[in-house]
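Below is one structure, written out as structure tokens; the observations come after it.
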Amino acid sequence: MSLNISENKILITGASGSIGKQLIFELHRRGISPVAHVRETSDTSFVDSIGVEKRLADLRDEQGLQKMVEGVDLVFHTAAWVNFRKDRLTQFTGINTFGALNMFRSAQKAGVKRFLHVSTAAAVGAIDRKANGERSLEDSLVREETEFNLGHLKIPYIMTKHAAEQELRKAAQEGPTELVIVNPSVVVAPSSTGDDRGRILKRFNRFVMPDLPVRLNLVDIRDVAPAIISAMCHGRNGERYILAGDNITVRDLVLAVSSIIGKVPHLLRIPRPVYNFTARASIVMGKLVGRGKVSYYPDLVKMLDYDWAYSSKKAREQLDYRCRSIHETLDELLTNNFTGTYLKPGNGPAAR
């Protein structure tokens with residue numbers, strides 16, 4: 001399927017989130033005015049500044065969602081709770097899994113042509129370094145067809161985003177609304193403070209920084225948003241597309257940042273048992289003091305056993321996906337010159 005989105009009524013859920021706002025920015029600069037889904041507590045200053053229509057709804061209210069999708073042809077579903085905390089599984093499930101399913105079913109009933117779900121690369125899987133053995137990184141990169149291998153990690157965000165994909169695929173078999181899924185890796189975007197260089201300098205002023213034996217994949221938000229639009233236009237029904245950038249070790253990432261800001265990092269390789277002990281101790285202390293939020297726990301530490309390295313070959317071939325080097329992104333971010341976003345339109349690069 002290939003469609004002209006300018007001829008369709010578009011709804012963007014999660015319009016107050018960074019990807020949602022960047023999508024609205026990309027569409028607006030192309031002369032397209034979408035409908036923005038917001039909550040009562042959403043910061044709507046950006047959508048208000050460009051005169052975008054707003055529709056209010058709760059993802060857990062199917063009746064409200066049905067009203068919200070009236071007259072809509074295409075849905076970009078970006079709404080999600082993105083957090084790696086351990087507690088509040090019910091909230092994660094309600095928003096990330098059932099919220100996505102409620103939204104899709106409402107779209108089906110309203111006769112929406114196509115539904116694009118923004119998931120995460122972590123919902124596809126990761127590279128288990130022990131199981132990978134002597135295979136090269138290039139041969140073992142996570143691809144769309146990789147079998148999910150993170151089910152044993154009880155991390156609510158990953159669990160509920162993976163479950164959402166499974167449930168959406170089942171629901172898509174019951175009606176004419178087409179489903180396309182995109183899986184961005186770690187999205188790099190400027191902060192609302194406007195001083196990302198200052199924020200990073202504060203972190204580098206710490207006495208030590210952990211030297212983690214992990215590869216990450218980072219992608220520029222200015223490349224993700226155009227790719228999501230391309231997936232809506234050209235993605236194949238029932239398919240998913242990984243939107244990744246450069247695969248880079250944590251050490252190389254820290255050194256790249258160091259060269260830009262001119263600060264020498266104090267890297268320290270901490271033995272794995274120390275992480276295991278402190279994570280368990282954090283859980284115990286949290287219970288003793290009655291702390292509800294659990295942000296450091298053993299399952300989170302287990303993520304160190306994996307390389308989060310991905311391939312976007314499929315997106316390059318089918319969506320004409322292109323992404324800039326992480327070094328270019330970091331340079332612009334850490335010199336506070338990250339233009340081409342909803343925060344700082346400037347003279348940033350056009351969609352690629």
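Residues in the structure tokens are named by chain (A, B, ... in the order shown) and by number from 1 within that chain; ligands are numbered from 1 in the order shown.
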
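Residues with any atom within 8 Å of Ala164 in chain A, counting only C-alpha atoms and excluding same-chain neighbours fewer than 6 positions away, are Asn96, Thr97, Phe98, Ala100 and Leu101 of chain A.
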
Generate a file of the selected residues that holds N, CA and C atoms, formatted as an mmCIF file, in the first residue's frame.
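Written file, result04.cif:
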```
data_model
loop_
_atom_site.group_PDB
_atom_site.id
_atom_site.type_symbol
_atom_site.label_atom_id
_atom_site.label_comp_id
_atom_site.auth_asym_id
_atom_site.auth_seq_id
_atom_site.Cartn_x
_atom_site.Cartn_y
_atom_site.Cartn_z
ATOM 1 N N ASN A 96 0.082 0.943 28.029
ATOM 2 C CA ASN A 96 0.893 0.439 26.922
ATOM 3 C C ASN A 96 0.248 -0.710 26.154
ATOM 4 N N THR A 97 -0.468 -1.581 26.862
ATOM 5 C CA THR A 97 -1.068 -2.741 26.194
ATOM 6 C C THR A 97 -2.550 -2.533 25.914
ATOM 7 N N PHE A 98 -3.359 -2.415 26.968
ATOM 8 C CA PHE A 98 -4.793 -2.274 26.755
ATOM 9 C C PHE A 98 -5.139 -0.935 26.103
ATOM 10 N N ALA A 100 -3.347 0.639 23.837
ATOM 11 C CA ALA A 100 -3.095 0.474 22.402
ATOM 12 C C ALA A 100 -4.183 -0.374 21.758
ATOM 13 N N LEU A 101 -4.599 -1.449 22.443
ATOM 14 C CA LEU A 101 -5.633 -2.323 21.898
ATOM 15 C C LEU A 101 -6.979 -1.610 21.828
#
```

Which residues are close to Val264 in chain A, i.e. within 9 Å by only C-alpha atoms, leaving aside same-chain residues fewer than 6 positions away? Reply as a VMD selection string.
chain A and resid 204 255 258

For the residues in the current selection, export N, CA and C atoms as a PDB file, in the first residue's frame.
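After the write, out.pdb holds the following:
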```pdb
ATOM      1  N   PHE A 204      29.416  14.815  34.084  1.00  0.00           N
ATOM      2  CA  PHE A 204      30.845  14.540  33.948  1.00  0.00           C
ATOM      3  C   PHE A 204      31.635  15.058  35.137  1.00  0.00           C
ATOM      4  N   LEU A 255      33.264   8.535  25.575  1.00  0.00           N
ATOM      5  CA  LEU A 255      34.459   9.184  25.029  1.00  0.00           C
ATOM      6  C   LEU A 255      34.087  10.181  23.923  1.00  0.00           C
ATOM      7  N   SER A 258      32.877  13.152  25.669  1.00  0.00           N
ATOM      8  CA  SER A 258      34.035  13.799  26.282  1.00  0.00           C
ATOM      9  C   SER A 258      34.777  14.696  25.296  1.00  0.00           C
TER      10      SER A 258
END
```

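Residue nearest Gln318 in chain A within the list A:Thr93, A:Ser2, A:Thr13, A:Asn336: A:Ser2 [criterion: smallest interatomic distance, only C-alpha atoms].
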
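Nearest residue to Gly17 in chain A, choosing from A:Asn247, A:Thr78, A:Thr177, A:Gln66 and counting only C-alpha atoms: A:Thr78.
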
I'd like to know which residues of range 9-122 of chain A are helix (DSSP H, G or I) (by DSSP, run on the backbone); could you write them as an MDAnalysis selection string?
chainID A and resid 18:29 45:49 62:68 89:109 121:122

Taking N, CA and C atoms for each residue, export the selection above as a compact mmCIF listing (two decimals), in the first residue's frame.
```txt
# COMPACT_ATOMS: atom_id res chain seq x y z
N SER A 18 7.34 13.49 23.23
CA SER A 18 8.36 14.03 22.33
C SER A 18 8.18 13.52 20.90
N ILE A 19 7.91 12.23 20.71
CA ILE A 19 7.72 11.71 19.35
C ILE A 19 6.41 12.26 18.77
N GLY A 20 5.36 12.32 19.58
CA GLY A 20 4.10 12.87 19.10
C GLY A 20 4.25 14.30 18.62
N LYS A 21 4.94 15.13 19.40
CA LYS A 21 5.13 16.53 19.00
C LYS A 21 6.04 16.65 17.78
N GLN A 22 7.05 15.79 17.69
CA GLN A 22 7.93 15.85 16.53
C GLN A 22 7.18 15.43 15.26
N LEU A 23 6.28 14.46 15.37
CA LEU A 23 5.45 14.08 14.23
C LEU A 23 4.56 15.23 13.79
N ILE A 24 3.95 15.90 14.76
CA ILE A 24 3.11 17.05 14.42
C ILE A 24 3.94 18.12 13.74
N PHE A 25 5.16 18.35 14.25
CA PHE A 25 6.08 19.32 13.64
C PHE A 25 6.38 18.94 12.19
N GLU A 26 6.71 17.66 11.95
CA GLU A 26 7.05 17.20 10.60
C GLU A 26 5.86 17.35 9.66
N LEU A 27 4.69 16.99 10.12
CA LEU A 27 3.50 17.09 9.28
C LEU A 27 3.16 18.55 9.00
N HIS A 28 3.25 19.37 10.03
CA HIS A 28 2.91 20.79 9.88
C HIS A 28 3.83 21.47 8.88
N ARG A 29 5.12 21.13 8.90
CA ARG A 29 6.06 21.75 7.97
C ARG A 29 5.83 21.27 6.54
N SER A 45 1.03 23.37 24.95
CA SER A 45 1.54 24.67 24.49
C SER A 45 2.03 24.61 23.04
N PHE A 46 2.68 23.51 22.64
CA PHE A 46 3.19 23.42 21.28
C PHE A 46 2.05 23.29 20.27
N VAL A 47 1.12 22.36 20.51
CA VAL A 47 0.03 22.19 19.55
C VAL A 47 -0.84 23.43 19.50
N ASP A 48 -0.97 24.12 20.62
CA ASP A 48 -1.74 25.37 20.61
C ASP A 48 -1.03 26.44 19.80
N SER A 49 0.30 26.45 19.83
CA SER A 49 1.06 27.50 19.14
C SER A 49 0.92 27.42 17.63
N GLU A 62 -13.07 3.31 26.28
CA GLU A 62 -13.37 2.94 24.90
C GLU A 62 -14.44 3.84 24.29
N GLN A 63 -15.41 4.26 25.08
CA GLN A 63 -16.46 5.13 24.55
C GLN A 63 -15.88 6.48 24.15
N GLY A 64 -14.99 7.01 24.97
CA GLY A 64 -14.35 8.29 24.64
C GLY A 64 -13.46 8.17 23.42
N LEU A 65 -12.78 7.03 23.29
CA LEU A 65 -11.91 6.82 22.13
C LEU A 65 -12.72 6.74 20.85
N GLN A 66 -13.89 6.10 20.94
CA GLN A 66 -14.74 5.98 19.75
C GLN A 66 -15.14 7.35 19.22
N LYS A 67 -15.44 8.25 20.13
CA LYS A 67 -15.79 9.60 19.72
C LYS A 67 -14.59 10.33 19.14
N MET A 68 -13.41 10.06 19.71
CA MET A 68 -12.20 10.76 19.27
C MET A 68 -11.81 10.40 17.83
N LEU A 89 2.87 -2.08 37.58
CA LEU A 89 2.64 -2.92 36.41
C LEU A 89 1.23 -2.70 35.85
N THR A 90 0.26 -2.51 36.74
CA THR A 90 -1.11 -2.29 36.29
C THR A 90 -1.22 -1.05 35.42
N GLN A 91 -0.52 0.02 35.81
CA GLN A 91 -0.55 1.25 35.03
C GLN A 91 0.15 1.06 33.68
N PHE A 92 1.29 0.38 33.69
CA PHE A 92 1.98 0.09 32.43
C PHE A 92 1.07 -0.69 31.49
N THR A 93 0.42 -1.72 32.03
CA THR A 93 -0.44 -2.57 31.21
C THR A 93 -1.64 -1.80 30.68
N GLY A 94 -2.23 -0.99 31.54
CA GLY A 94 -3.41 -0.23 31.15
C GLY A 94 -3.15 0.74 30.01
N ILE A 95 -1.97 1.36 30.02
CA ILE A 95 -1.64 2.35 29.00
C ILE A 95 -0.97 1.71 27.79
N ASN A 96 0.08 0.94 28.03
CA ASN A 96 0.89 0.44 26.92
C ASN A 96 0.25 -0.71 26.15
N THR A 97 -0.47 -1.58 26.86
CA THR A 97 -1.07 -2.74 26.19
C THR A 97 -2.55 -2.53 25.91
N PHE A 98 -3.36 -2.42 26.97
CA PHE A 98 -4.79 -2.27 26.76
C PHE A 98 -5.14 -0.94 26.10
N GLY A 99 -4.36 0.10 26.41
CA GLY A 99 -4.61 1.39 25.77
C GLY A 99 -4.43 1.30 24.27
N ALA A 100 -3.35 0.64 23.84
CA ALA A 100 -3.09 0.47 22.40
C ALA A 100 -4.18 -0.37 21.76
N LEU A 101 -4.60 -1.45 22.44
CA LEU A 101 -5.63 -2.32 21.90
C LEU A 101 -6.98 -1.61 21.83
N ASN A 102 -7.32 -0.85 22.87
CA ASN A 102 -8.56 -0.08 22.85
C ASN A 102 -8.57 0.92 21.70
N MET A 103 -7.42 1.55 21.49
CA MET A 103 -7.32 2.53 20.43
C MET A 103 -7.50 1.87 19.06
N PHE A 104 -6.89 0.71 18.88
CA PHE A 104 -6.99 0.02 17.59
C PHE A 104 -8.42 -0.45 17.33
N ARG A 105 -9.06 -1.02 18.33
CA ARG A 105 -10.43 -1.48 18.15
C ARG A 105 -11.38 -0.32 17.84
N SER A 106 -11.16 0.81 18.49
CA SER A 106 -11.97 1.99 18.19
C SER A 106 -11.74 2.45 16.75
N ALA A 107 -10.49 2.37 16.32
CA ALA A 107 -10.17 2.74 14.93
C ALA A 107 -10.84 1.79 13.95
N GLN A 108 -10.86 0.50 14.28
CA GLN A 108 -11.54 -0.48 13.42
C GLN A 108 -13.02 -0.15 13.28
N LYS A 109 -13.67 0.12 14.40
CA LYS A 109 -15.10 0.43 14.38
C LYS A 109 -15.40 1.70 13.59
N ALA A 121 12.33 -0.87 20.06
CA ALA A 121 13.22 -1.94 19.62
C ALA A 121 13.36 -3.02 20.69
N ALA A 122 13.22 -2.64 21.95
CA ALA A 122 13.33 -3.62 23.03
C ALA A 122 12.22 -4.66 22.97
```

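Comparing A:Leu56, A:Val180, A:Val142, A:Leu168 by their smallest distance to Arg39 in chain A, the closest is A:Leu56 (using only C-alpha atoms).
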
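CA of Gly286 in chain A to CA of Val274 in chain A spans 18.0 Å [interatomic distance, one decimal].
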
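Minimum atom-to-atom distances from A:Glu134, A:Leu343, A:Leu179, A:Gly262 to Thr193 in chain A were compared using only C-alpha atoms, and the lowest value belongs to A:Leu343.
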
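Between CA of Arg272 in chain A and CA of His327 in chain A the separation is 29.0 Å.
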
Show me a table, sorted first by chain and then by increasing residue number, of the residues of range 45-142 of chain A having an atom at most 12 Å from range 206-215 of chain A, each with its shortest atom pair and the distance in Å to one decimal, counting only C-alpha atoms and written as JSON lines.
```
{"residue": "A:Ala126", "atom": "CA", "partner": "A:Arg215", "partner_atom": "CA", "distance": 10.2}
{"residue": "A:Ile127", "atom": "CA", "partner": "A:Arg215", "partner_atom": "CA", "distance": 9.5}
{"residue": "A:Asp128", "atom": "CA", "partner": "A:Val214", "partner_atom": "CA", "distance": 10.7}
{"residue": "A:Arg129", "atom": "CA", "partner": "A:Val214", "partner_atom": "CA", "distance": 9.4}
{"residue": "A:Leu137", "atom": "CA", "partner": "A:Arg215", "partner_atom": "CA", "distance": 10.0}
{"residue": "A:Leu141", "atom": "CA", "partner": "A:Arg215", "partner_atom": "CA", "distance": 11.0}
```

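Of the residues listed (A:Ser230, A:Asn149, A:Ser136, A:Ser325), A:Ser230 shows the shortest atom-to-atom separation from Phe76 in chain A; distances use only C-alpha atoms.
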
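In this comparison, which uses only C-alpha atoms, the residue of A:Val257, A:Ala227, A:Leu300, A:Ala36 approaching Thr278 in chain A most closely is A:Leu300.
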
Can you pull out the residues contacting Gly194 in chain A? Cut-off 12 Å, using only C-alpha atoms, and skip same-chain residues under 6 positions away; I want them as a ChimeraX atom specification.
/A:332-339,341,343-344
